[in-house]
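See structure below.
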Amino acid sequence: MINASFKNPIVIMVAMDMEADFLLEKLKVKKIEKISKYTFYEWYISDYPVVLCLCKVNIRNASVATYIAIDKYHPIAIINPWTAWWHWKIVRPWDIIIVKDCFNSISWKSPIKSEWEWSNSLERDLRSFNADSWDTFQLLNWDSNLIKIAEKLSNPYIYGKIYTGTIASGDFWNREYDKIMFLNIQYNSLWEDMECIAIYNIAHDFNVPVLWIKAISNNEILWEKFDKNMAKIWQEFTYKFLLKLIESFEQK
């Protein structure tokens, strides 16, 4: 058995209380620490240290909370079990998505237009605006080993289907059909959230492996309402994933 006191913890990042309540009830929290408006819950799973960070919604909060988590806990990996809304008609609430890669969905370069020319967001191109390639579009890839572990849990999942694909991420609640389909067709995005891109960029800068496990809350194309009931189901899936991940550490 791993001696947890000598191991770097797994950090779980969530934005809302409903995305953590089941895990917090299931697991015996050892310590709660509040740093600014971000709350960190510390516990053990199979004698391995795990920290859940309630970081609130949006890119700024996700970035700050991720930096604090990395600086304070030096995690071996960061896992994100959050909700997302879908860009593909066949996917339904309670389906689960494993993020393969992501892009910044609000990082746009517009064409040159003169005075009195109408703005059209569908004429813009996405750019990553990184220091080393500021005028290119980049997909940010998640940790392949963590993806493989999550995909092995696909068969026992009985509440829906599990997909692996690309997520669009940014501070934008996108409810326009044409814009949704543009991101889907042009950039192959299958769903959307507000925090992925921030946490990935911070974790990548510090060489921390990351994985996103998303639960579909609703399909904006089909005008579905947000379904809170699926929160417990996908947190159960996340807990099983954590057990598998810890088991993989013990086998090394």
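Here's how to read the names in the structure tokens: chain A, B, ... by the order shown, residue numbers from 1 in each chain, ligand numbers from 1 in the order shown.
Non-sequential neighbours of Glu236 (chain A) (distance at most 8 Å, separation of 3 or more positions within a chain, only C-alpha atoms) are Phe22, Leu23, Lys232, Ile233, Tyr239 and Lys240 of chain A.
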**OP:** Could you give me, as number ranges by chain, each residue of region 96-250 of chain A that DSSP assigns to helix (DSSP H, G or I) when run on this structure's backbone?
**Re:** A: 121-123, 144-151, 177-187, 196-205, 220-222, 230-250
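With only C-alpha atoms taken into account, the protein and nucleic acid residues at most 8 Å from Ile180 (chain A) (excluding it and anything under 4 positions from it in its own chain) are His87, Asn174, Arg175, Glu176, Asn184 and Ile221 of chain A.
Shortest separation to Cys102 (chain A) among A:Asp143, A:Asp71, A:Asp47, A:Asp178 occurs at residue A:Asp143, atoms counted being only C-alpha atoms.
Taking CA of Val208 (chain A) as the reference point, CA of Glu195 (chain A) is found at 16.4 Å.
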Subject >> Shell around Thr164 (chain A) at 9 Å using only C-alpha atoms, local window under 5 positions removed, as number ranges by chain >> reply: A: 96-100, 147, 151
Dump of C-alpha atoms for the selected residues, as a JSON list (two decimals), in the first residue's frame:
```json
[["chain", "number", "residue", "atom", "x", "y", "z"],
["A", 96, "ILE", "CA", -20.15, 11.35, -20.34],
["A", 97, "ILE", "CA", -17.31, 12.87, -22.32],
["A", 98, "ILE", "CA", -13.59, 12.31, -21.88],
["A", 99, "VAL", "CA", -11.72, 15.35, -23.18],
["A", 100, "LYS", "CA", -9.07, 14.48, -25.76],
["A", 147, "ILE", "CA", -7.47, 9.17, -21.04],
["A", 151, "GLU", "CA", -11.84, 4.90, -21.33]]
```
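The spacing separating CA of Glu42 (chain A) from CA of Ile68 (chain A) amounts to 14.2 Å.
CA of Ala168 (chain A) is found 7.7 Å from CA of Leu183 (chain A).
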**OP:** Select from region 11-228 of chain A everything DSSP, run on the backbone, classes as strand (DSSP E), then give the selection as a PyMOL selection string.
**Re:** chain A and resi 11-14+31-35+38-45+48-54+77-86+96-104+108-109+125-126+140-141+162-169+189-193+210-219
Please list as a compact mmCIF listing (two decimals) with C-alpha atoms, in the first residue's frame every residue within 8 Å of Phe241 (chain A), counting only C-alpha atoms and excluding residues in the same chain fewer than 5 positions away.
```txt
# COMPACT_ATOMS: atom_id res chain seq x y z
CA ILE A 149 -7.61 4.79 -17.76
CA ALA A 150 -10.90 6.69 -18.09
CA LEU A 153 -14.48 2.44 -17.46
```
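Of the residues listed (A:Leu24, A:Ala203, A:Ile185, A:Ile106), A:Ala203 shows the shortest atom-to-atom separation from Pro75 (chain A); distances use only C-alpha atoms.
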Original post:
Which residue, A:Phe237, A:Trp142, A:Tyr177, A:Phe249, has the smallest gap to Ile78 (chain A) when you use only C-alpha atoms?
Top reply: A:Trp142
Go through region 52-158 of chain A and flag each residue having an atom no more than 8 Å from region 198-201 of chain A; for those, report the closest pair of atoms plus their distance in Å to one decimal, using only C-alpha atoms, ordered by chain and rising number, as a tab-separated table.
```
residue	atom	partner	partner_atom	distance
A:Ile59	CA	A:Ala198	CA	5.4
A:Arg60	CA	A:Ala198	CA	7.6
A:Ala62	CA	A:Ile199	CA	6.0
A:Ser63	CA	A:Ala198	CA	5.2
A:Thr66	CA	A:Ile199	CA	6.0
A:Leu140	CA	A:Tyr200	CA	7.9
```
**OP:** Point out the residue among A:Lys56, A:Lys31, A:Lys72, A:Lys113 with the least atom-to-atom distance to Glu19 (chain A), counting only C-alpha atoms.
**Re:** A:Lys56
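Shortest separation to Glu25 (chain A) among A:Ser248, A:Gln235, A:Asn141, A:Ser114 occurs at residue A:Gln235, atoms counted being only C-alpha atoms.
Across A:Leu243, A:Ala77, A:Ile162, A:Val29, the tightest approach to Lys214 (chain A) is made by A:Ile162 when counting only C-alpha atoms.
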